[in-house]
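Written below as structure tokens is the structure these notes are about.
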Amino acid sequence: MKQRKYFDVHGVVGRHSKPPERFPWLPQDLLDDMRAVRVHGAAVSSAESADYSFVAGDAKLRETIQAQPRLYGVATLPPTAAFEAGDPDYCIKLLDAGFRGVKMMPSKFSCGHDPRNMEQIAALLTGRGLPLFYPREEGFEGLAALLDAYPGLNIILLGVSWGDNRQLFPLLERCPGLHFEYSKNQANDILELTKEHFGIERALFGTGWPMASMGALKALTEYAVLSEREKDLVAHGNACRLLRIDPAALALYDDTQCEFDSIAMAADRGAPMPVPVLDAHTHMAPAEHKTVSGLMMLRSSCESITPKLDRLGVEAIVTAPWEGIATDGMAGNAQTVFAAEKYPGRYYGWNTCNINYEEDLAQWRGWFERYPDVFVGIKPYWPYQKFSLHDARLRPWLDYADARRLPLLLHTTSDAILDEAEGLCPRYPGITFLLAHAGSDYRNAAHCVRVARACPNTVLELTYTSVTRGMIEYLVGEVGAERVLYGSDLPMRDPAPQLGWVAYARIPEEDKAKILGGNIRRVMGRQLTMNNEQ
Ligand SMILES: [Zn+2]
């Protein structure tokens with residue numbers, strides 16, 4: 001069984017002043033997670049260095065990395081580190097002790113973004129051939145200034161999001177020293193795009209441990225259209241080159257102790273899922289529109305999406321084309337029909353309607369009547385179209401869905417909308433409400449769980465960039481696997497991490513099968529059964 005070596009360039013261990021709830025922080029917890037999904041090494045910085053004292057935090061981290069051969073230290077330093085520590089060789093000694101780079105946190109350390117202040121540290125790192133780690137929260141202007149000031153310095157950008165690509169791509173183009181880890185940059189085809197335009201040596205596997213599922217993020221590499229050599233570079237080769245680590249030092253795990261079921265095993269090989277998968281939450285755009293939404297969103301057509309579904313082993317998706325939820329509901333419905341006719345059995349539709357336009361309100365019903373096998377539910381998209389769920393213009397749409405037992409996909413990342421939903425669910429018992437993005441974070445998840453307990457006609461759909469660590473296990477534990485659904489938001493995000501999130505979860509294999517396909521089939525089946533009864 002092939003075991004690809006993975007090296008995580010973005011982990012944080014140690015105490016915080018205010019720790020994120022429900023997340024572990026001990027190095028041993030990290031090592032346990034790494035072993036569970038087979039990540040072979042990790043570069044970690046210390047939360048105590050940021051929240052308490054960089055001297056004390058990094059001293060503790062130094063002991064950790066010396067005791068744990070799979071962990072490598074990243075020092076967290078202000079430009080004045082040597083001065084404050086009272087030792088001109090302070091930074092040199094850290095690197096001599098095995099630290100593999102320096103993380104800067106200008107906001108946290110109140111030291112500003114003037115790149116000239118970084119001269120000593122930059123010279124030291126350049127001389128050793130080691131990288132500077134730059135958190136995305138520090139902003140692109142500071143990053144650009146550093147890149148311009150120190151063209152010979154390698155910089156690894158941490159936590160850059162897919163929503164940042166209109167800022168990231170010009171910098172990648174201009175500055176060969178810039179690299180990024182992809183834990184939040186799950187743009188559709190991000191690795192393929194990076195390879196084609198900037199070189200695959202610029203992208204690195206990273207997770208932001210403890211926040212995200214490590215397995216989910218492995219899946220982005222495994223399902224990418226890259227050669228085995230290129231996947232190895234993203235998984236560990238680029239990190240080993242930049243951090244000067246011999247890949248041979250990353251010991252393989254004992255295969256006889258591997259706890260993967262057949263679903264996790266398939267994900268670990270980048271193979272199609274061995275169980276039927278139906279993606280309940282997707283979008284789409286016509287090929288000729290090229291890029292859509294306020295963010296860069298490429299390769300969004302059904303012609304681009306379908307081969308990806310084949311690679312992941314996704315039988316079918318339920319889609320709400322972006323134009324339909326953004327501006328023109330009827331154009332969206334037409335795009336769904338186009339895809340459904342071009343790829344029979346692969347595309348189902350969330351009926352879309354911009355309720356701010358009379359003509360949309362007059363026409364949404366016709367799409368159900370003409371294409372009863374294509375449109376399986378409705379998606380009222382309040383975040384763009386700005387309405388309350390109690391808006392009178394929605395009522396005929398809701399009544400129609402209620403009478404025909406259709407599901408409704410509801411974007412939920414605010415307490416206000418969940419409160420509205422809780423009021424609405426009992427009034428429309430025929431509708432199954434899919435509470436979308438239930439897995440975004442534990443606060444939202446807990447609220448979704450409360451609504452699910454109060455309203456039996458709800459199920460929880462997962463998708464979010466965060467691929468929150470432990471979330472699938474939490475939701476299954478709270479509401480049961482029958483009420484949790486896989487959705488990916490493709491092609492806004494690449495679907496692979498969302499699939500890996502479920503595939504590597506520590507839940508029974510039969511629960512994964514329900515989440516990946518069984519449950520949405522049941523929800524859609526309520527309507528199909530009724531069609532047959534009529
Ligand atoms: Zn969505």
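Here, A, B, ... name the chains of the structure tokens in the order displayed, residue numbers run from 1 inside each chain, and ligands are numbered from 1 in the same displayed order.
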So that each row is one residue of chain A with an atom at most 7 Å from ligand 1, can you give its shortest atom pair and the distance in Å to one decimal, using only C-alpha atoms and all ligand atoms, rows by chain and rising number, as JSON lines?
```
{"residue": "A:His281", "atom": "CA", "partner": "ligand 1", "partner_atom_place_in_ligand_line": "1 (Zn)", "distance": 6.2}
{"residue": "A:Thr282", "atom": "CA", "partner": "ligand 1", "partner_atom_place_in_ligand_line": "1 (Zn)", "distance": 6.1}
{"residue": "A:His283", "atom": "CA", "partner": "ligand 1", "partner_atom_place_in_ligand_line": "1 (Zn)", "distance": 6.5}
{"residue": "A:Asp489", "atom": "CA", "partner": "ligand 1", "partner_atom_place_in_ligand_line": "1 (Zn)", "distance": 4.8}
```
Convert the current residue selection to file output with N, CA and C atoms, as an mmCIF file, in the first residue's frame.
```
data_model
loop_
_atom_site.group_PDB
_atom_site.id
_atom_site.type_symbol
_atom_site.label_atom_id
_atom_site.label_comp_id
_atom_site.auth_asym_id
_atom_site.auth_seq_id
_atom_site.Cartn_x
_atom_site.Cartn_y
_atom_site.Cartn_z
ATOM 1 N N HIS A 281 -24.981 20.317 -2.290
ATOM 2 C CA HIS A 281 -24.818 21.772 -2.286
ATOM 3 C C HIS A 281 -23.719 22.161 -3.268
ATOM 4 N N THR A 282 -24.109 22.559 -4.456
ATOM 5 C CA THR A 282 -23.116 22.983 -5.448
ATOM 6 C C THR A 282 -23.638 24.192 -6.227
ATOM 7 N N HIS A 283 -22.719 24.793 -6.973
ATOM 8 C CA HIS A 283 -23.048 25.905 -7.854
ATOM 9 C C HIS A 283 -22.500 25.587 -9.238
ATOM 10 N N ASP A 489 -20.162 22.922 -2.084
ATOM 11 C CA ASP A 489 -20.083 24.299 -2.593
ATOM 12 C C ASP A 489 -19.248 24.408 -3.865
#
```
Please return, as an mmCIF file with C-alpha atoms, in the first residue's frame, all residues of range 180-406 of chain A that DSSP assigns to strand (DSSP E) on the basis of the backbone.
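The result, written out as result-v5.cif:
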```cif
data_model
loop_
_atom_site.group_PDB
_atom_site.id
_atom_site.type_symbol
_atom_site.label_atom_id
_atom_site.label_comp_id
_atom_site.auth_asym_id
_atom_site.auth_seq_id
_atom_site.Cartn_x
_atom_site.Cartn_y
_atom_site.Cartn_z
ATOM 1 C CA PHE A 180 1.726 29.495 0.058
ATOM 2 C CA GLU A 181 0.180 26.696 2.087
ATOM 3 C CA ALA A 203 2.189 25.349 -3.247
ATOM 4 C CA LEU A 204 2.539 23.465 0.044
ATOM 5 C CA LEU A 278 -24.515 12.741 -4.172
ATOM 6 C CA ASP A 279 -23.390 16.310 -3.527
ATOM 7 C CA ALA A 280 -26.309 18.283 -2.070
ATOM 8 C CA HIS A 281 -24.818 21.772 -2.286
ATOM 9 C CA THR A 282 -23.116 22.983 -5.448
ATOM 10 C CA ALA A 316 -24.614 13.407 -9.181
ATOM 11 C CA ILE A 317 -24.889 16.922 -7.777
ATOM 12 C CA VAL A 318 -27.736 19.246 -6.904
ATOM 13 C CA THR A 319 -26.772 22.647 -8.241
ATOM 14 C CA TYR A 347 -27.192 17.186 -12.486
ATOM 15 C CA TYR A 348 -30.261 18.033 -10.416
ATOM 16 C CA GLY A 349 -31.405 21.556 -9.688
ATOM 17 C CA TRP A 350 -32.210 23.819 -6.823
ATOM 18 C CA ASN A 351 -34.870 26.027 -8.386
ATOM 19 C CA PHE A 375 -35.662 20.439 -10.151
ATOM 20 C CA VAL A 376 -35.744 18.726 -6.795
ATOM 21 C CA GLY A 377 -35.905 21.665 -4.392
ATOM 22 C CA ILE A 378 -35.641 25.410 -3.898
#
```
- Can you list, as a ChimeraX atom specification, all residues belonging to range 233-467 of chain A that DSSP tags as alpha helix (DSSP H)? /A:238-243,262-269,302-312,322-326,329-342,358-370,382-385,395-403,415-424,442-454
Could the residues in this selection be saved with C-alpha atoms as a PDB file, in the first residue's frame?
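Full text of selection_0.pdb as output:
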```pdb
ATOM      1  CA  ASN A 238       8.475  21.659  -1.445  1.00  0.00           C
ATOM      2  CA  ALA A 239       8.406  21.931   2.344  1.00  0.00           C
ATOM      3  CA  CYS A 240      11.500  19.756   2.702  1.00  0.00           C
ATOM      4  CA  ARG A 241      13.349  21.881   0.164  1.00  0.00           C
ATOM      5  CA  LEU A 242      12.404  25.179   1.817  1.00  0.00           C
ATOM      6  CA  LEU A 243      12.938  24.001   5.399  1.00  0.00           C
ATOM      7  CA  SER A 262     -12.541   1.490   2.615  1.00  0.00           C
ATOM      8  CA  ILE A 263     -13.779   5.098   2.270  1.00  0.00           C
ATOM      9  CA  ALA A 264     -10.744   6.657   3.968  1.00  0.00           C
ATOM     10  CA  MET A 265      -8.520   4.282   2.021  1.00  0.00           C
ATOM     11  CA  ALA A 266      -9.988   5.465  -1.293  1.00  0.00           C
ATOM     12  CA  ALA A 267      -9.486   9.120  -0.295  1.00  0.00           C
ATOM     13  CA  ASP A 268      -5.909   8.393   0.732  1.00  0.00           C
ATOM     14  CA  ARG A 269      -5.228   7.081  -2.773  1.00  0.00           C
ATOM     15  CA  CYS A 302     -20.491  21.683 -16.161  1.00  0.00           C
ATOM     16  CA  GLU A 303     -17.887  20.725 -18.778  1.00  0.00           C
ATOM     17  CA  SER A 304     -15.130  21.401 -16.194  1.00  0.00           C
ATOM     18  CA  ILE A 305     -17.046  19.984 -13.236  1.00  0.00           C
ATOM     19  CA  THR A 306     -18.106  16.631 -14.695  1.00  0.00           C
ATOM     20  CA  PRO A 307     -14.622  15.058 -15.088  1.00  0.00           C
ATOM     21  CA  LYS A 308     -13.903  16.130 -11.507  1.00  0.00           C
ATOM     22  CA  LEU A 309     -17.041  14.358 -10.304  1.00  0.00           C
ATOM     23  CA  ASP A 310     -15.753  11.238 -12.068  1.00  0.00           C
ATOM     24  CA  ARG A 311     -12.381  11.462 -10.314  1.00  0.00           C
ATOM     25  CA  LEU A 312     -13.975  11.817  -6.884  1.00  0.00           C
ATOM     26  CA  TRP A 322     -24.361  31.262  -9.453  1.00  0.00           C
ATOM     27  CA  GLU A 323     -26.275  33.559 -11.780  1.00  0.00           C
ATOM     28  CA  GLY A 324     -29.488  32.108 -10.362  1.00  0.00           C
ATOM     29  CA  ILE A 325     -28.698  32.965  -6.768  1.00  0.00           C
ATOM     30  CA  ALA A 326     -26.975  36.251  -7.662  1.00  0.00           C
ATOM     31  CA  GLY A 329     -33.065  33.157 -11.224  1.00  0.00           C
ATOM     32  CA  MET A 330     -34.441  32.037 -14.571  1.00  0.00           C
ATOM     33  CA  ALA A 331     -31.020  32.178 -16.258  1.00  0.00           C
ATOM     34  CA  GLY A 332     -29.802  29.929 -13.438  1.00  0.00           C
ATOM     35  CA  ASN A 333     -32.605  27.443 -14.029  1.00  0.00           C
ATOM     36  CA  ALA A 334     -31.806  27.368 -17.744  1.00  0.00           C
ATOM     37  CA  GLN A 335     -28.156  26.571 -16.937  1.00  0.00           C
ATOM     38  CA  THR A 336     -29.239  23.686 -14.713  1.00  0.00           C
ATOM     39  CA  VAL A 337     -31.388  22.252 -17.504  1.00  0.00           C
ATOM     40  CA  PHE A 338     -28.514  22.630 -19.972  1.00  0.00           C
ATOM     41  CA  ALA A 339     -26.222  20.605 -17.684  1.00  0.00           C
ATOM     42  CA  ALA A 340     -28.887  18.031 -16.864  1.00  0.00           C
ATOM     43  CA  GLU A 341     -29.541  17.411 -20.553  1.00  0.00           C
ATOM     44  CA  LYS A 342     -25.861  17.328 -21.477  1.00  0.00           C
ATOM     45  CA  GLU A 358     -41.626  40.370 -10.839  1.00  0.00           C
ATOM     46  CA  GLU A 359     -40.702  38.292 -13.876  1.00  0.00           C
ATOM     47  CA  ASP A 360     -38.801  35.796 -11.731  1.00  0.00           C
ATOM     48  CA  LEU A 361     -41.757  35.506  -9.361  1.00  0.00           C
ATOM     49  CA  ALA A 362     -43.995  34.830 -12.354  1.00  0.00           C
ATOM     50  CA  GLN A 363     -41.780  32.191 -13.921  1.00  0.00           C
ATOM     51  CA  TRP A 364     -40.150  29.936 -11.303  1.00  0.00           C
ATOM     52  CA  ARG A 365     -43.087  27.494 -11.322  1.00  0.00           C
ATOM     53  CA  GLY A 366     -42.765  26.813 -15.043  1.00  0.00           C
ATOM     54  CA  TRP A 367     -39.359  25.194 -14.551  1.00  0.00           C
ATOM     55  CA  PHE A 368     -40.815  22.627 -12.161  1.00  0.00           C
ATOM     56  CA  GLU A 369     -43.666  21.917 -14.557  1.00  0.00           C
ATOM     57  CA  ARG A 370     -41.484  21.512 -17.627  1.00  0.00           C
ATOM     58  CA  TRP A 382     -31.069  35.767   1.141  1.00  0.00           C
ATOM     59  CA  PRO A 383     -27.367  36.700   1.536  1.00  0.00           C
ATOM     60  CA  TYR A 384     -27.310  38.324  -1.912  1.00  0.00           C
ATOM     61  CA  GLN A 385     -30.937  39.163  -2.530  1.00  0.00           C
ATOM     62  CA  ARG A 395     -44.753  32.441   0.312  1.00  0.00           C
ATOM     63  CA  PRO A 396     -45.998  30.907  -2.968  1.00  0.00           C
ATOM     64  CA  TRP A 397     -42.570  29.298  -3.480  1.00  0.00           C
ATOM     65  CA  LEU A 398     -42.614  27.866   0.047  1.00  0.00           C
ATOM     66  CA  ASP A 399     -46.236  26.707  -0.282  1.00  0.00           C
ATOM     67  CA  TYR A 400     -45.359  24.949  -3.533  1.00  0.00           C
ATOM     68  CA  ALA A 401     -42.366  23.193  -1.942  1.00  0.00           C
ATOM     69  CA  ASP A 402     -44.411  22.285   1.122  1.00  0.00           C
ATOM     70  CA  ALA A 403     -47.206  20.701  -0.916  1.00  0.00           C
ATOM     71  CA  ASP A 415     -28.023  33.393  14.443  1.00  0.00           C
ATOM     72  CA  ALA A 416     -30.693  35.662  12.980  1.00  0.00           C
ATOM     73  CA  ILE A 417     -31.372  33.396  10.001  1.00  0.00           C
ATOM     74  CA  LEU A 418     -31.376  30.275  12.167  1.00  0.00           C
ATOM     75  CA  ASP A 419     -33.930  31.911  14.455  1.00  0.00           C
ATOM     76  CA  GLU A 420     -36.057  32.699  11.407  1.00  0.00           C
ATOM     77  CA  ALA A 421     -35.689  29.139  10.162  1.00  0.00           C
ATOM     78  CA  GLU A 422     -36.757  27.752  13.515  1.00  0.00           C
ATOM     79  CA  GLY A 423     -39.931  29.799  13.255  1.00  0.00           C
ATOM     80  CA  LEU A 424     -40.550  28.705   9.663  1.00  0.00           C
ATOM     81  CA  TYR A 442     -18.733  24.934  16.618  1.00  0.00           C
ATOM     82  CA  ARG A 443     -20.817  27.965  17.517  1.00  0.00           C
ATOM     83  CA  ASN A 444     -22.876  27.796  14.343  1.00  0.00           C
ATOM     84  CA  ALA A 445     -22.970  23.994  14.589  1.00  0.00           C
ATOM     85  CA  ALA A 446     -24.388  24.136  18.121  1.00  0.00           C
ATOM     86  CA  HIS A 447     -27.110  26.506  16.957  1.00  0.00           C
ATOM     87  CA  CYS A 448     -27.922  24.261  13.975  1.00  0.00           C
ATOM     88  CA  VAL A 449     -28.112  21.303  16.362  1.00  0.00           C
ATOM     89  CA  ARG A 450     -30.592  23.185  18.564  1.00  0.00           C
ATOM     90  CA  VAL A 451     -32.776  23.929  15.539  1.00  0.00           C
ATOM     91  CA  ALA A 452     -32.479  20.319  14.347  1.00  0.00           C
ATOM     92  CA  ARG A 453     -33.620  19.040  17.738  1.00  0.00           C
ATOM     93  CA  ALA A 454     -36.585  21.423  17.777  1.00  0.00           C
TER      94      ALA A 454
END
```
- Message: Just the number, please: distance in Å from CA of Pro247 in chain A to CA of Gln68 in chain A, one decimal.
- Response: 16.1 Å
If you count only C-alpha atoms, which residues fall within 6 Å of range 90-104 of chain A, apart from same-chain ones fewer than 2 positions away, as an mmCIF file with C-alpha atoms, in the first residue's frame?
```cif
data_model
loop_
_atom_site.group_PDB
_atom_site.id
_atom_site.type_symbol
_atom_site.label_atom_id
_atom_site.label_comp_id
_atom_site.auth_asym_id
_atom_site.auth_seq_id
_atom_site.Cartn_x
_atom_site.Cartn_y
_atom_site.Cartn_z
ATOM 1 C CA GLY A 73 10.093 24.426 15.173
ATOM 2 C CA VAL A 74 9.278 27.804 13.713
ATOM 3 C CA ALA A 75 10.451 30.682 15.912
ATOM 4 C CA THR A 76 8.046 33.569 16.459
ATOM 5 C CA LEU A 77 10.133 36.752 16.559
ATOM 6 C CA ALA A 82 18.125 39.910 19.799
ATOM 7 C CA ASP A 87 21.966 38.329 23.136
ATOM 8 C CA PRO A 88 23.167 39.386 19.661
ATOM 9 C CA LEU A 130 15.479 29.057 5.496
ATOM 10 C CA PRO A 131 12.046 30.659 5.029
ATOM 11 C CA LEU A 132 10.071 33.408 6.692
ATOM 12 C CA PHE A 133 6.489 32.470 7.625
ATOM 13 C CA TYR A 134 3.973 35.254 7.063
ATOM 14 C CA LEU A 243 12.938 24.001 5.399
#
```
